[in-house]
Every structure is written in structure tokens, then in C-alpha cells.
$ cat my_file.cif   # mmCIF, C-alpha atoms
data_query
#
loop_
_atom_site.label_atom_id
_atom_site.label_comp_id
_atom_site.auth_asym_id
_atom_site.auth_seq_id
_atom_site.Cartn_x
_atom_site.Cartn_y
_atom_site.Cartn_z
CA MET A 2 0.56 30.20 12.91
CA LEU A 3 -0.07 26.50 13.38
CA SER A 4 -3.30 25.55 15.04
CA VAL A 5 -4.08 22.02 16.09
CA ASP A 6 -7.42 20.79 17.37
CA ILE A 7 -7.68 17.02 17.12
CA ILE A 8 -9.26 13.91 18.58
CA LYS A 9 -7.70 10.48 18.24
CA ASN A 10 -9.12 7.33 19.80
CA LEU A 11 -6.35 5.21 21.27
CA PRO A 12 -6.69 1.73 22.81
CA ASP A 13 -6.60 3.03 26.40
CA PHE A 14 -8.04 6.51 26.14
CA SER A 15 -9.11 9.16 23.73
CA LEU A 16 -6.61 11.87 22.88
CA SER A 17 -8.10 15.33 22.68
CA ILE A 18 -5.76 18.24 22.24
CA ARG A 19 -6.00 21.84 21.12
CA PHE A 20 -3.29 24.46 20.84
CA SER A 21 -1.78 26.99 18.52
CA ILE A 22 1.78 28.12 18.12
CA GLU A 23 3.61 31.04 16.52
CA ARG A 24 7.27 30.99 15.59
CA ASP A 25 8.63 29.73 18.88
CA ILE A 26 9.20 26.51 20.78
CA LEU A 27 6.24 24.62 22.17
CA VAL A 28 7.00 21.75 24.50
CA LEU A 29 4.52 18.92 24.93
CA PHE A 30 5.31 17.67 28.39
CA GLY A 31 3.90 14.66 30.19
CA PRO A 32 4.50 11.06 31.26
CA SER A 33 5.11 8.27 28.73
CA GLY A 34 2.01 7.06 26.97
CA CYS A 35 0.01 10.27 27.41
CA GLY A 36 -0.32 10.84 23.66
CA LYS A 37 2.59 13.20 22.98
CA THR A 38 4.04 11.19 20.12
CA THR A 39 0.57 10.55 18.70
CA THR A 40 0.09 14.31 18.59
CA LEU A 41 3.36 14.80 16.70
CA ARG A 42 2.58 11.98 14.26
CA SER A 43 -0.84 13.51 13.58
CA ILE A 44 0.68 16.89 12.81
CA ALA A 45 3.24 15.30 10.48
CA GLY A 46 0.52 13.32 8.70
CA LEU A 47 2.00 9.94 9.64
CA LEU A 48 -1.22 9.22 11.47
CA GLN A 49 -4.76 10.28 10.69
CA PRO A 50 -6.70 11.72 13.65
CA ASP A 51 -10.33 10.65 14.09
CA GLY A 52 -11.58 14.19 14.10
CA GLY A 53 -10.66 17.86 14.14
CA ARG A 54 -8.52 20.25 12.13
CA ILE A 55 -4.84 21.04 11.62
CA VAL A 56 -4.11 24.32 9.87
CA ASN A 57 -0.80 26.06 9.28
CA ASP A 58 -0.74 29.65 7.99
CA GLY A 59 -4.09 29.15 6.30
CA GLU A 60 -3.05 25.87 4.70
CA VAL A 61 -5.35 23.04 5.82
CA PHE A 62 -3.42 19.83 6.52
CA PHE A 63 -6.30 17.94 8.03
CA ASP A 64 -9.99 18.62 8.34
CA SER A 65 -12.31 15.78 9.29
CA THR A 66 -15.54 17.59 8.36
CA ASN A 67 -14.32 18.42 4.85
CA LYS A 68 -12.43 15.13 4.52
CA ILE A 69 -9.10 16.78 3.88
CA PHE A 70 -5.91 14.84 4.57
CA ILE A 71 -2.66 16.07 3.08
CA PRO A 72 -0.02 13.30 2.95
CA PRO A 73 3.22 13.89 4.90
CA ARG A 74 5.36 14.48 1.82
CA GLN A 75 3.32 17.56 0.89
CA ARG A 76 3.20 19.11 4.35
CA ARG A 77 6.82 20.20 4.62
CA ILE A 78 6.91 19.38 8.29
CA GLY A 79 10.28 18.20 9.56
CA TYR A 80 10.27 15.32 12.00
CA MET A 81 13.11 14.22 14.24
CA PHE A 82 12.51 10.75 15.54
CA GLN A 83 13.43 9.64 19.03
CA ASP A 84 16.20 7.35 17.81
CA PHE A 85 16.97 9.73 14.90
CA ALA A 86 15.99 7.24 12.12
CA LEU A 87 19.05 7.97 10.00
CA PHE A 88 19.15 5.81 6.87
CA PRO A 89 21.71 3.13 7.79
CA HIS A 90 22.63 2.37 4.17
CA MET A 91 23.52 5.95 3.28
CA ASN A 92 26.44 8.01 4.51
CA VAL A 93 25.96 11.22 6.45
CA TYR A 94 26.16 13.34 3.30
CA ARG A 95 23.44 11.40 1.50
CA ASN A 96 21.28 11.38 4.63
CA ILE A 97 21.46 15.16 4.91
CA TRP A 98 20.69 15.69 1.21
CA TYR A 99 17.81 13.19 1.10
CA GLY A 100 15.03 15.75 1.49
CA VAL A 101 16.49 18.42 -0.80
CA ARG A 102 14.36 19.14 -3.85
CA ASP A 103 16.71 21.28 -5.92
CA HIS A 104 20.43 20.71 -5.65
CA ASP A 105 21.20 24.33 -6.44
CA GLN A 106 23.59 26.96 -5.14
CA GLU A 107 21.20 27.89 -2.38
CA ALA A 108 21.03 24.31 -1.13
CA ARG A 109 24.82 24.02 -1.17
CA GLN A 110 25.09 27.21 0.89
CA MET A 111 22.53 25.89 3.33
CA TYR A 112 24.50 22.65 3.62
CA GLU A 113 27.66 24.59 4.40
CA LYS A 114 25.87 26.73 6.94
CA LEU A 115 24.20 23.81 8.71
CA THR A 116 27.27 21.61 8.84
CA ASN A 117 29.31 24.54 10.18
CA LEU A 118 26.75 25.48 12.82
CA LEU A 119 26.38 21.89 13.94
CA LYS A 120 30.09 21.06 13.46
CA ILE A 121 29.42 17.92 11.45
CA GLY A 122 31.19 18.80 8.19
CA HIS A 123 33.96 16.27 8.81
CA LEU A 124 31.45 13.42 9.19
CA ALA A 125 30.14 13.53 5.60
CA GLU A 126 31.62 10.20 4.50
CA ARG A 127 30.79 8.29 7.69
CA SER A 128 27.91 5.87 7.93
CA PRO A 129 25.37 6.42 10.73
CA GLY A 130 26.68 3.32 12.51
CA GLN A 131 30.00 5.10 13.05
CA LEU A 132 28.50 8.12 14.81
CA SER A 133 28.09 8.90 18.50
CA GLY A 134 24.66 9.74 19.90
CA GLY A 135 25.29 13.48 19.77
CA GLU A 136 26.60 13.29 16.20
CA LYS A 137 23.56 11.28 15.08
CA GLN A 138 21.34 13.87 16.69
CA ARG A 139 23.07 16.72 14.85
CA VAL A 140 22.96 14.88 11.53
CA ALA A 141 19.24 14.20 12.02
CA LEU A 142 18.67 17.87 12.77
CA ALA A 143 20.64 18.90 9.68
CA ARG A 144 18.71 16.41 7.52
CA ALA A 145 15.37 17.73 8.77
CA LEU A 146 16.32 21.40 8.26
CA MET A 147 17.84 20.84 4.81
CA ALA A 148 14.36 19.92 3.54
CA GLN A 149 13.33 23.49 4.44
CA PRO A 150 10.41 22.59 6.67
CA LYS A 151 7.82 25.11 7.75
CA ILE A 152 7.59 23.45 11.17
CA LEU A 153 9.96 21.11 12.98
CA LEU A 154 8.71 18.35 15.26
CA LEU A 155 11.13 16.75 17.69
CA ASP A 156 10.28 13.56 19.55
CA GLU A 157 12.32 13.26 22.76
CA PRO A 158 15.36 14.80 21.03
CA LEU A 159 17.66 14.55 24.04
CA SER A 160 16.53 11.34 25.72
CA SER A 161 19.25 9.07 24.34
CA LEU A 162 22.15 11.42 25.05
CA ASP A 163 24.49 11.68 28.02
CA THR A 164 24.24 14.70 30.33
CA GLU A 165 27.12 16.64 28.80
CA THR A 166 25.92 16.23 25.20
CA ARG A 167 22.38 16.93 26.31
CA ARG A 168 23.39 20.35 27.59
CA GLU A 169 25.25 21.18 24.36
CA ILE A 170 22.44 20.01 22.09
CA ARG A 171 19.71 21.83 23.93
CA ASN A 172 21.60 25.08 23.51
CA GLU A 173 22.05 24.27 19.83
CA LEU A 174 18.34 23.56 19.47
CA ARG A 175 17.45 26.98 20.86
CA GLU A 176 19.95 28.61 18.58
CA MET A 177 18.77 26.76 15.49
CA GLN A 178 15.18 27.70 16.25
CA ARG A 179 16.19 31.34 16.55
CA ILE A 180 18.10 31.28 13.26
CA TRP A 181 15.53 29.30 11.27
CA ASN A 182 12.62 31.14 12.85
CA ILE A 183 10.04 28.39 12.38
CA PRO A 184 7.82 26.77 15.03
CA PHE A 185 9.46 23.86 16.87
CA ILE A 186 7.23 21.41 18.70
CA LEU A 187 9.17 19.28 21.07
CA VAL A 188 8.10 16.28 23.11
CA THR A 189 9.70 15.47 26.44
CA HIS A 190 9.04 13.87 29.80
CA ASP A 191 11.93 15.73 31.45
CA PRO A 192 10.76 18.80 33.44
CA ASP A 193 14.18 20.56 33.23
CA GLU A 194 14.25 20.18 29.47
CA ALA A 195 10.68 21.44 29.21
CA ARG A 196 11.48 24.54 31.26
CA PHE A 197 14.75 25.26 29.47
CA LEU A 198 13.52 24.82 25.91
CA GLY A 199 9.89 25.77 25.92
CA ASP A 200 8.56 29.23 25.19
CA GLN A 201 5.28 27.53 25.88
CA VAL A 202 4.83 24.29 27.77
CA LEU A 203 1.73 22.22 27.33
CA TYR A 204 1.17 19.76 30.17
CA MET A 205 -0.50 16.54 29.08
CA GLN A 206 -1.98 13.64 30.96
CA LYS A 207 -3.69 10.59 29.47
CA GLY A 208 -4.72 12.33 26.31
CA ARG A 209 -5.80 15.62 27.88
CA GLN A 210 -4.00 18.87 28.22
CA VAL A 211 -4.03 19.87 31.85
CA GLY A 212 -2.26 23.19 31.63
CA LEU A 213 -0.40 25.68 29.48
CA ALA A 214 2.51 27.77 30.70
CA THR A 215 4.20 30.56 28.80
CA SER A 216 7.67 31.65 29.73
CA GLY A 217 9.22 35.10 29.35
CA MET B 30 27.86 -45.77 -31.70
CA ASN B 31 28.91 -46.67 -28.20
CA GLU B 32 29.18 -43.10 -27.05
CA THR B 33 29.92 -42.53 -23.41
CA GLY B 34 30.50 -39.39 -21.34
CA ILE B 35 29.81 -35.88 -22.49
CA GLY B 36 29.15 -36.91 -26.10
CA MET B 37 26.10 -38.95 -25.21
CA ILE B 38 24.31 -36.10 -23.45
CA GLU B 39 21.24 -34.65 -25.02
CA TRP B 40 21.74 -30.96 -24.10
CA GLN B 41 18.21 -29.86 -24.82
CA PRO B 42 16.88 -30.58 -21.28
CA VAL B 43 19.78 -28.59 -19.80
CA PHE B 44 19.09 -25.50 -21.87
CA LEU B 45 15.35 -25.81 -21.39
CA SER B 46 15.76 -26.08 -17.62
CA ILE B 47 17.98 -23.01 -17.46
CA LYS B 48 15.53 -21.03 -19.58
CA VAL B 49 12.54 -22.20 -17.53
CA ALA B 50 14.30 -21.44 -14.22
CA PHE B 51 15.34 -17.92 -15.29
CA ALA B 52 11.93 -17.12 -16.77
CA SER B 53 10.19 -18.33 -13.59
CA LEU B 54 12.68 -16.45 -11.43
CA SER B 55 12.15 -13.11 -13.16
CA ILE B 56 8.39 -13.31 -12.82
CA VAL B 57 8.55 -14.63 -9.25
CA LEU B 58 10.91 -11.80 -8.32
CA ILE B 59 8.47 -9.12 -9.44
CA LEU B 60 5.39 -10.95 -8.08
CA GLY B 61 7.01 -11.84 -4.77
CA VAL B 62 8.27 -8.34 -4.05
CA ALA B 63 4.98 -6.75 -5.15
CA CYS B 64 2.83 -9.12 -3.06
CA ALA B 65 5.03 -8.83 0.04
CA TYR B 66 4.93 -5.03 -0.31
CA GLY B 67 1.16 -4.95 -0.80
CA MET B 68 0.47 -7.28 2.10
CA ARG B 69 2.62 -5.15 4.38
CA ARG B 70 1.11 -1.87 3.34
CA TRP B 71 -2.60 -2.51 3.03
CA GLN B 72 -5.25 -4.01 5.28
CA PHE B 73 -8.23 -5.62 3.58
CA PRO B 74 -10.82 -8.30 4.30
CA GLY B 75 -9.63 -11.81 3.47
CA LYS B 76 -5.99 -10.89 3.96
CA ALA B 77 -5.31 -13.88 6.22
CA ALA B 78 -6.83 -16.25 3.66
CA LEU B 79 -4.77 -14.73 0.86
CA GLU B 80 -1.66 -15.05 2.99
CA ALA B 81 -2.41 -18.76 3.43
CA ILE B 82 -2.95 -19.21 -0.31
CA PHE B 83 0.42 -17.56 -1.00
CA SER B 84 2.15 -20.15 1.16
CA LEU B 85 0.09 -23.12 -0.01
CA PRO B 86 2.44 -24.36 -2.77
CA LEU B 87 5.13 -24.66 -0.12
CA VAL B 88 3.23 -27.26 1.87
CA LEU B 89 1.22 -29.00 -0.85
CA PRO B 90 2.89 -31.93 -2.60
CA PRO B 91 4.09 -30.62 -5.99
CA VAL B 92 1.99 -33.27 -7.73
CA VAL B 93 -1.10 -31.82 -6.08
CA THR B 94 -0.10 -28.30 -7.14
CA GLY B 95 0.42 -29.71 -10.63
CA PHE B 96 -2.98 -31.35 -10.60
CA ILE B 97 -4.69 -28.10 -9.59
CA LEU B 98 -2.85 -26.26 -12.37
CA LEU B 99 -3.79 -29.00 -14.83
CA VAL B 100 -7.45 -28.62 -13.93
CA LEU B 101 -7.20 -24.83 -14.29
CA ILE B 102 -5.25 -24.52 -17.52
CA GLY B 103 -6.21 -27.79 -19.19
CA LYS B 104 -8.24 -27.66 -22.42
CA GLN B 105 -11.49 -27.90 -20.47
CA GLY B 106 -10.27 -25.86 -17.50
CA PRO B 107 -11.66 -22.38 -16.81
CA LEU B 108 -8.37 -20.59 -17.48
CA GLY B 109 -7.43 -22.89 -20.32
CA ARG B 110 -10.68 -22.15 -22.14
CA VAL B 111 -10.35 -18.39 -21.71
CA LEU B 112 -6.79 -18.47 -23.06
CA GLU B 113 -7.81 -20.71 -25.97
CA ASN B 114 -10.92 -18.74 -26.93
CA CYS B 115 -9.69 -15.20 -26.41
CA PHE B 116 -6.03 -15.41 -27.28
CA GLN B 117 -5.69 -18.71 -29.14
CA ILE B 118 -3.07 -19.71 -26.61
CA GLN B 119 -2.66 -23.25 -25.47
CA LEU B 120 -0.54 -23.46 -22.36
CA ILE B 121 -0.80 -27.09 -21.44
CA PHE B 122 2.08 -29.39 -22.49
CA THR B 123 4.24 -26.49 -23.66
CA PRO B 124 7.42 -25.04 -22.12
CA TYR B 125 5.27 -22.15 -20.88
CA ALA B 126 3.41 -24.60 -18.67
CA ALA B 127 6.77 -25.63 -17.20
CA ILE B 128 7.48 -21.94 -16.50
CA LEU B 129 4.07 -21.59 -14.86
CA ALA B 130 4.76 -24.63 -12.68
CA GLY B 131 8.13 -23.11 -11.73
CA ILE B 132 6.48 -19.80 -10.84
CA VAL B 133 3.83 -21.41 -8.65
CA VAL B 134 6.21 -23.60 -6.66
CA ALA B 135 8.95 -20.97 -6.31
CA PHE B 136 6.67 -18.04 -5.44
CA PRO B 137 6.19 -18.87 -1.72
CA LEU B 138 9.95 -18.96 -1.17
CA MET B 139 10.44 -15.53 -2.70
CA TYR B 140 7.38 -14.16 -0.95
CA GLN B 141 8.41 -15.45 2.48
CA SER B 142 12.00 -14.22 2.15
CA VAL B 143 10.98 -10.75 1.04
CA LYS B 144 8.21 -10.56 3.62
CA ALA B 145 10.62 -11.39 6.42
CA ALA B 146 13.06 -8.81 5.09
CA PHE B 147 10.35 -6.13 4.93
CA GLN B 148 9.25 -6.95 8.48
CA SER B 149 12.75 -6.41 9.77
CA ILE B 150 12.79 -2.80 8.51
CA ASP B 151 12.09 -0.14 11.10
CA PRO B 152 8.94 1.66 9.83
CA LYS B 153 10.35 4.89 11.25
CA LEU B 154 12.95 4.93 8.47
CA GLU B 155 10.20 4.96 5.86
CA ASP B 156 8.27 7.57 7.85
CA ALA B 157 11.40 9.71 8.00
CA ALA B 158 11.67 9.54 4.21
CA ARG B 159 8.01 10.55 3.88
CA THR B 160 8.42 13.59 6.12
CA LEU B 161 11.44 14.54 3.99
CA GLY B 162 9.12 14.84 1.01
CA ALA B 163 9.63 11.44 -0.65
CA SER B 164 6.82 9.89 -2.68
CA GLU B 165 5.81 6.30 -1.87
CA TRP B 166 7.72 5.10 -4.93
CA ARG B 167 10.85 6.93 -3.84
CA VAL B 168 10.48 5.57 -0.29
CA PHE B 169 10.29 2.07 -1.76
CA ARG B 170 13.20 2.58 -4.16
CA THR B 171 15.60 4.34 -1.80
CA VAL B 172 14.73 2.99 1.65
CA THR B 173 12.54 -0.14 1.69
CA LEU B 174 14.13 -2.12 -1.14
CA PRO B 175 17.80 -1.37 -0.33
CA LEU B 176 17.25 -2.36 3.30
CA ALA B 177 15.38 -5.52 2.28
CA TRP B 178 17.93 -6.40 -0.38
CA PRO B 179 19.69 -9.25 1.49
CA GLY B 180 16.31 -10.95 1.92
CA VAL B 181 15.51 -10.43 -1.76
CA VAL B 182 18.84 -12.02 -2.71
CA ALA B 183 18.10 -15.00 -0.46
CA GLY B 184 14.71 -15.30 -2.17
CA ILE B 185 16.39 -15.23 -5.60
CA VAL B 186 18.70 -18.12 -4.72
CA LEU B 187 15.94 -20.23 -3.20
CA SER B 188 13.44 -19.58 -5.99
CA PHE B 189 15.93 -20.28 -8.74
CA ALA B 190 16.94 -23.59 -7.17
CA ARG B 191 13.31 -24.52 -6.57
CA ALA B 192 12.22 -23.69 -10.14
CA LEU B 193 15.22 -25.51 -11.59
CA GLY B 194 14.48 -28.66 -9.63
CA GLU B 195 10.72 -28.78 -10.03
CA PHE B 196 9.46 -32.22 -11.04
CA GLY B 197 5.95 -33.08 -9.83
CA ALA B 198 4.04 -30.03 -10.97
CA THR B 199 6.06 -29.81 -14.20
CA ILE B 200 5.28 -33.34 -15.31
CA MET B 201 1.58 -32.80 -14.61
CA VAL B 202 1.20 -29.67 -16.73
CA ALA B 203 4.08 -29.74 -19.20
CA GLY B 204 4.39 -33.46 -19.63
CA ASN B 205 7.59 -35.18 -20.67
CA ILE B 206 7.94 -34.44 -24.35
CA PRO B 207 11.61 -35.00 -25.23
CA GLY B 208 13.01 -32.01 -27.08
CA LYS B 209 10.02 -29.88 -26.17
CA THR B 210 9.07 -29.94 -22.49
CA GLN B 211 11.52 -32.38 -20.97
CA THR B 212 13.41 -30.50 -18.26
CA LEU B 213 16.48 -31.79 -16.40
CA PRO B 214 14.69 -33.39 -13.44
CA LEU B 215 12.37 -35.19 -15.83
CA ALA B 216 15.27 -36.30 -17.98
CA ILE B 217 17.01 -37.66 -14.88
CA TYR B 218 13.94 -39.60 -13.84
CA PHE B 219 13.32 -41.15 -17.23
CA ALA B 220 16.99 -41.93 -17.80
CA ALA B 221 17.13 -43.70 -14.46
CA GLU B 222 13.89 -45.50 -15.16
CA SER B 223 15.22 -46.85 -18.44
CA ASN B 224 18.30 -47.95 -16.51
CA ASP B 225 20.63 -45.46 -18.20
CA MET B 226 22.43 -44.66 -14.98
CA THR B 227 25.38 -42.96 -16.69
CA LEU B 228 23.16 -40.43 -18.43
CA ALA B 229 21.10 -39.87 -15.26
CA GLY B 230 24.32 -39.40 -13.30
CA LEU B 231 25.65 -36.86 -15.79
CA TYR B 232 22.42 -34.89 -15.62
CA VAL B 233 22.57 -35.00 -11.83
CA LEU B 234 26.10 -33.65 -12.01
CA ILE B 235 25.00 -30.81 -14.31
CA ILE B 236 22.03 -29.76 -12.18
CA SER B 237 24.17 -29.88 -9.03
CA LEU B 238 26.82 -27.72 -10.69
CA LEU B 239 24.17 -25.24 -11.85
CA THR B 240 22.68 -24.76 -8.39
CA PHE B 241 26.11 -24.72 -6.76
CA SER B 242 27.42 -22.04 -9.10
CA MET B 243 24.28 -19.95 -8.61
CA ILE B 244 24.73 -19.98 -4.83
CA LEU B 245 28.46 -19.37 -5.13
CA TRP B 246 27.96 -16.47 -7.52
CA VAL B 247 25.37 -14.82 -5.29
CA ASN B 248 27.55 -15.30 -2.20
CA LEU B 249 30.61 -13.80 -3.87
CA TRP B 250 28.61 -10.99 -5.36
CA THR B 251 26.98 -9.99 -2.08
CA LYS B 252 30.28 -10.27 -0.19
CA LYS B 253 32.14 -8.15 -2.72
CA LYS B 254 30.43 -4.89 -1.88
CA ASN B 255 28.36 -5.44 1.22
CA VAL B 256 25.12 -6.25 -0.60
CA PRO B 257 24.89 -3.72 -3.41
CA LEU B 258 21.60 -2.81 -4.96
CA PRO B 259 21.48 -2.65 -8.75
CA ILE B 260 19.53 0.61 -8.55
CA LYS B 261 21.39 3.79 -7.80
CA GLU B 262 19.71 7.04 -7.01
CA VAL B 263 20.76 9.91 -9.19
CA SER B 264 21.65 12.84 -7.02
#
$ encode --input "my_file.cif" --output "C-alpha cells"
Amino acid sequence: MLSVDIIKNLPDFSLSIRFSIERDILVLFGPSGCGKTTTLRSIAGLLQPDGGRIVNDGEVFFDSTNKIFIPPRQRRIGYMFQDFALFPHMNVYRNIWYGVRDHDQEARQMYEKLTNLLKIGHLAERSPGQLSGGEKQRVALARALMAQPKILLLDEPLSSLDTETRREIRNELREMQRIWNIPFILVTHDPDEARFLGDQVLYMQKGRQVGLATSG
Amino acid sequence: MNETGIGMIEWQPVFLSIKVAFASLSIVLILGVACAYGMRRWQFPGKAALEAIFSLPLVLPPVVTGFILLVLIGKQGPLGRVLENCFQIQLIFTPYAAILAGIVVAFPLMYQSVKAAFQSIDPKLEDAARTLGASEWRVFRTVTLPLAWPGVVAGIVLSFARALGEFGATIMVAGNIPGKTQTLPLAIYFAAESNDMTLAGLYVLIISLLTFSMILWVNLWTKKKNVPLPIKEVS
């Protein structure tokens, strides 16, 4: 279980958020600039909160009272950026393998499995510039999962896609979460997306959570 | 006796200049990349002042830069005395002083080029590498540097040309000792001053060819394989 209880002072307001999540999909939902991305960045360790604690399965990632801050590379938290952040100077294959520690049989099997599930095997030699939005999205997802994260964070994963691709990808996201069985935390400002994807939806407004809904 | 053309050239200044330019370039490359990286990554008090100091040799007349260096590394200068007393090294009026002058004047060009290149990199790419488990060194080696590489190459060309052509600061700290510290630009000046226009002209031709071939080589090399990086990750 991941539990997050943090405070971060931002220029316009102070972000204060508290939630915990099991192995399902939590959606952080709210208007732009309400602190959703800041929350994700804090969990990943790309940003240091001003106070609070972040603990995953007993492993403390951040604790302001005990001055604990684990750098992102040791957290094993996958992060999918809004514009995918694929390395433009590497081909799809090298992008996907970037986060792999041991290039062993197991990793090769995982690569096969991921590229089959996401139907991106034929793109291996392409550079990110030659991919469509949906393909970039799938490659970014494969790259994040290949690093065997314990949690996956997704920042507006569908916002830059057309309606058709959006529908496909959101189904894929649900399926991948079910197969990988790790917590996904997803940020969106689209109510449909939030309802469709979230097992839990956390409503945020100007740095505060204003409600929590659980589906199912 | 009446030698004209290639036979009359004293080659020593040519070789010395090439050596000085390459030595300055290699140090400036490391310093420039390291400083640009550090300034981008860390916030500290006095950063703005340090930034200004880094760019100072670009705007100061080279003679002034040379004078400051002379005061620092001269026999009575603070650095000069430390080097003399602790290491028995005398820098002033040696080829090493010419290298130092080259480093100081070429550094801002390398620094500015690399800094601009670093600024153009989307920080998200480096963050992505971090979340994928990469250490800071690996992020630098596999993401930051390859993406900044065109800017680094531009810095290499500019710094080499600047170090090769340095006159003012070089004459202040290295002097004009024929056969020892006389570089090409100095040789050109003193040949012209003693009215030996043929010799000065030949030196001018050589230095122009050197810079031209450097730029040509870099252009061809970067065009050949869409800006390759001489470091390859083993995977």
C-alpha cells in the first residue's frame, strides 16, 4: 500500500494532500493548476515536498520529520510524462530498454510480452520523431513498465491523443494495470476519463482534496 | 641566401600555435562543460556574479585580460609566488603561459555554447531517465550530453579558433621569445612590423588554412552521421 500525506508550498497556494492506494487505479481529478502534477512529481521524488510522509509497503520514500528523501532512481516508481518524454536520440528499442537493470532472459521475455500486448514490436528501429501520438504513448508505457516499477504514475496520459486512439489506449491502460497488478496513479482533467479509469477518484481544487469517490 | 616562399618560413611558431590551441581546447572543453553543467544544476549565493566573471574575458580587451593574468601569475603575483614556492614552477614567459592565455580567452565561448545547448534540453527527458533508475552520471552521459552535443561541437570550433588567434593576452604573459613562446599571431605581427610582408603573408595564409580546415572538418564530421557522440553506451 502506498500512502501519501504531503504539504508543498506553491507560489499561489499551498498543496495539502493525503490518500492511500492499494493495487488499483487512483485518479487525481481537477482543473489545471490545482497541484495534480506537483503531487505526482513529489511521489516520484522529482520534487521535494515541504512536509509530510510518503511510504510504500513499509518503505519510506520521504519523511520530513526524520529528514528522509530517497532520490527518484532508487524509488522504482514509473512515470509517464504528459508529452511522453521519449529520448529523441534513441530508437524505440533503446528507449524501451533504458531502465532495464539486467539484460537477462526474463527481461527479454518481458520485452516480448510488452511489445506484443501493446502491438509496438514492429516499431523497434524507428526514432520517436517517426511515431504517431498513440505509438509514442505505447512506447512510453512499455519503457516505464520494463523498468519493473512498483507504482506507475501517469500525467495526463490521454490528453494529446485523438478520440479514437484515446478510447483504445484507455482500455489498454486498464488491461495493463490488471496484468501488472501495481498501483497506477493517473492525473486528468477529463471527467469521462476519470470515471472510466479510476477505481478511486480524488477530486482536487487549488491544492486541496475536496472529495473521494470509489467505484465498484 | 635569398630564400623566398616556403623555404624561408620558420615553422616553430606554427607548431607551437597548434600545440597551444589544442592544449587550451582540451582544458576549455572539460572546464566549459563542467561549469555549464554545474551552473545549470545548482543554486548558490553569488551565482550571478560568477556567471558574469565567466563571461568577462569575452568583453574585456585581451590586453586587459593579459594584464590581469600577468599580475596574478607574475613572479610577485599571488598565484605566481605559490607556484614558485610550492612547486618550483614558473609559468610566466613560458609556452604554458600561452596555453593559460588561450584557456582564459576561449573559455567564455565554450561556456556560452554549452550553456545554451543545455538550456535547450527539455528537463523532462532527464527526469524520465531518473525515474527509470539512472544515476546522475548516467543521465549526463546518455541524455544531457548527447542532446547538447551540437552545441558542444560549436563551442569546440569557436574555442579552437579563439585560442589559435590569441594575441593580446598571449604577448602579455608569454612574451615574444622566438623559438620558445612566439605563436603565429605574434610572428605575424613582428614580421609585419619589421616589414617582412612576405613572411607575414605566409603566416597569415597558414593560420587561415588551419582555422578553415578545422571548421570544414567539424562540419563534414557532424554532417556525416547526424552529430555522433564519441561515447557509446554499452548495452
$ resolve_selection --input "my_file.cif" --expression "the PyMOL selection byres ((chain B and resi 128) around 12)" --output "PDB file with C-alpha atoms, in the frame of the given file"
ATOM      1  CA  LEU B  45      15.350 -25.810 -21.390  1.00  0.00           C
ATOM      2  CA  SER B  46      15.760 -26.080 -17.620  1.00  0.00           C
ATOM      3  CA  ILE B  47      17.980 -23.010 -17.460  1.00  0.00           C
ATOM      4  CA  LYS B  48      15.530 -21.030 -19.580  1.00  0.00           C
ATOM      5  CA  VAL B  49      12.540 -22.200 -17.530  1.00  0.00           C
ATOM      6  CA  ALA B  50      14.300 -21.440 -14.220  1.00  0.00           C
ATOM      7  CA  PHE B  51      15.340 -17.920 -15.290  1.00  0.00           C
ATOM      8  CA  ALA B  52      11.930 -17.120 -16.770  1.00  0.00           C
ATOM      9  CA  SER B  53      10.190 -18.330 -13.590  1.00  0.00           C
ATOM     10  CA  LEU B  54      12.680 -16.450 -11.430  1.00  0.00           C
ATOM     11  CA  SER B  55      12.150 -13.110 -13.160  1.00  0.00           C
ATOM     12  CA  ILE B  56       8.390 -13.310 -12.820  1.00  0.00           C
ATOM     13  CA  VAL B  57       8.550 -14.630  -9.250  1.00  0.00           C
ATOM     14  CA  LEU B  98      -2.850 -26.260 -12.370  1.00  0.00           C
ATOM     15  CA  LEU B 120      -0.540 -23.460 -22.360  1.00  0.00           C
ATOM     16  CA  ILE B 121      -0.800 -27.090 -21.440  1.00  0.00           C
ATOM     17  CA  PHE B 122       2.080 -29.390 -22.490  1.00  0.00           C
ATOM     18  CA  THR B 123       4.240 -26.490 -23.660  1.00  0.00           C
ATOM     19  CA  PRO B 124       7.420 -25.040 -22.120  1.00  0.00           C
ATOM     20  CA  TYR B 125       5.270 -22.150 -20.880  1.00  0.00           C
ATOM     21  CA  ALA B 126       3.410 -24.600 -18.670  1.00  0.00           C
ATOM     22  CA  ALA B 127       6.770 -25.630 -17.200  1.00  0.00           C
ATOM     23  CA  LEU B 129       4.070 -21.590 -14.860  1.00  0.00           C
ATOM     24  CA  ALA B 130       4.760 -24.630 -12.680  1.00  0.00           C
ATOM     25  CA  GLY B 131       8.130 -23.110 -11.730  1.00  0.00           C
ATOM     26  CA  ILE B 132       6.480 -19.800 -10.840  1.00  0.00           C
ATOM     27  CA  VAL B 133       3.830 -21.410  -8.650  1.00  0.00           C
ATOM     28  CA  VAL B 134       6.210 -23.600  -6.660  1.00  0.00           C
ATOM     29  CA  ALA B 135       8.950 -20.970  -6.310  1.00  0.00           C
ATOM     30  CA  PHE B 136       6.670 -18.040  -5.440  1.00  0.00           C
ATOM     31  CA  PHE B 189      15.930 -20.280  -8.740  1.00  0.00           C
ATOM     32  CA  ARG B 191      13.310 -24.520  -6.570  1.00  0.00           C
ATOM     33  CA  ALA B 192      12.220 -23.690 -10.140  1.00  0.00           C
ATOM     34  CA  LEU B 193      15.220 -25.510 -11.590  1.00  0.00           C
ATOM     35  CA  GLY B 194      14.480 -28.660  -9.630  1.00  0.00           C
ATOM     36  CA  GLU B 195      10.720 -28.780 -10.030  1.00  0.00           C
ATOM     37  CA  PHE B 196       9.460 -32.220 -11.040  1.00  0.00           C
ATOM     38  CA  ALA B 198       4.040 -30.030 -10.970  1.00  0.00           C
ATOM     39  CA  THR B 199       6.060 -29.810 -14.200  1.00  0.00           C
ATOM     40  CA  ILE B 200       5.280 -33.340 -15.310  1.00  0.00           C
ATOM     41  CA  VAL B 202       1.200 -29.670 -16.730  1.00  0.00           C
ATOM     42  CA  ALA B 203       4.080 -29.740 -19.200  1.00  0.00           C
ATOM     43  CA  THR B 210       9.070 -29.940 -22.490  1.00  0.00           C
ATOM     44  CA  THR B 212      13.410 -30.500 -18.260  1.00  0.00           C
TER      45      THR B 212
END
$ interface_residues --input "my_file.cif" --of "chain A" --to "chain B" --cutoff "10 Å" --atoms "all atoms listed in the file" --output "PyMOL selection string"
chain A and resi 42+45-47+72-91+95-96+98-104+141+144-150
$ resolve_selection --input "my_file.cif" --expression "the PyMOL selection byres ((chain B and resi 234-245) around 9)" --output "list in words"
Val43, Ile47, Val186, Leu187, Phe189, Ala190, Leu193, Gly194, Leu213, Pro214, Ala229, Gly230, Leu231, Tyr232, Val233, Trp246, Val247, Asn248, Leu249 and Trp250 of chain B
$ atom_distance --input "my_file.cif" --atom1 "CA of Val202 in chain A" --atom2 "CA of Leu159 in chain A"
16.5 Å
$ residues_near_point --input "my_file.cif" --point "(-16.8, 19.5, 8.8)" --cutoff "10 Å" --atoms "all atoms listed in the file" --output "list of chain:residue names"
A:Gly52, A:Gly53, A:Arg54, A:Asp64, A:Ser65, A:Thr66, A:Asn67, A:Lys68, A:Ile69
$ closest_residue --input "my_file.cif" --among "A:Ile55, A:Cys35, A:Ala195, A:Ile186" --to "Ile7 in chain A" --atoms "all atoms listed in the file"
A:Ile55
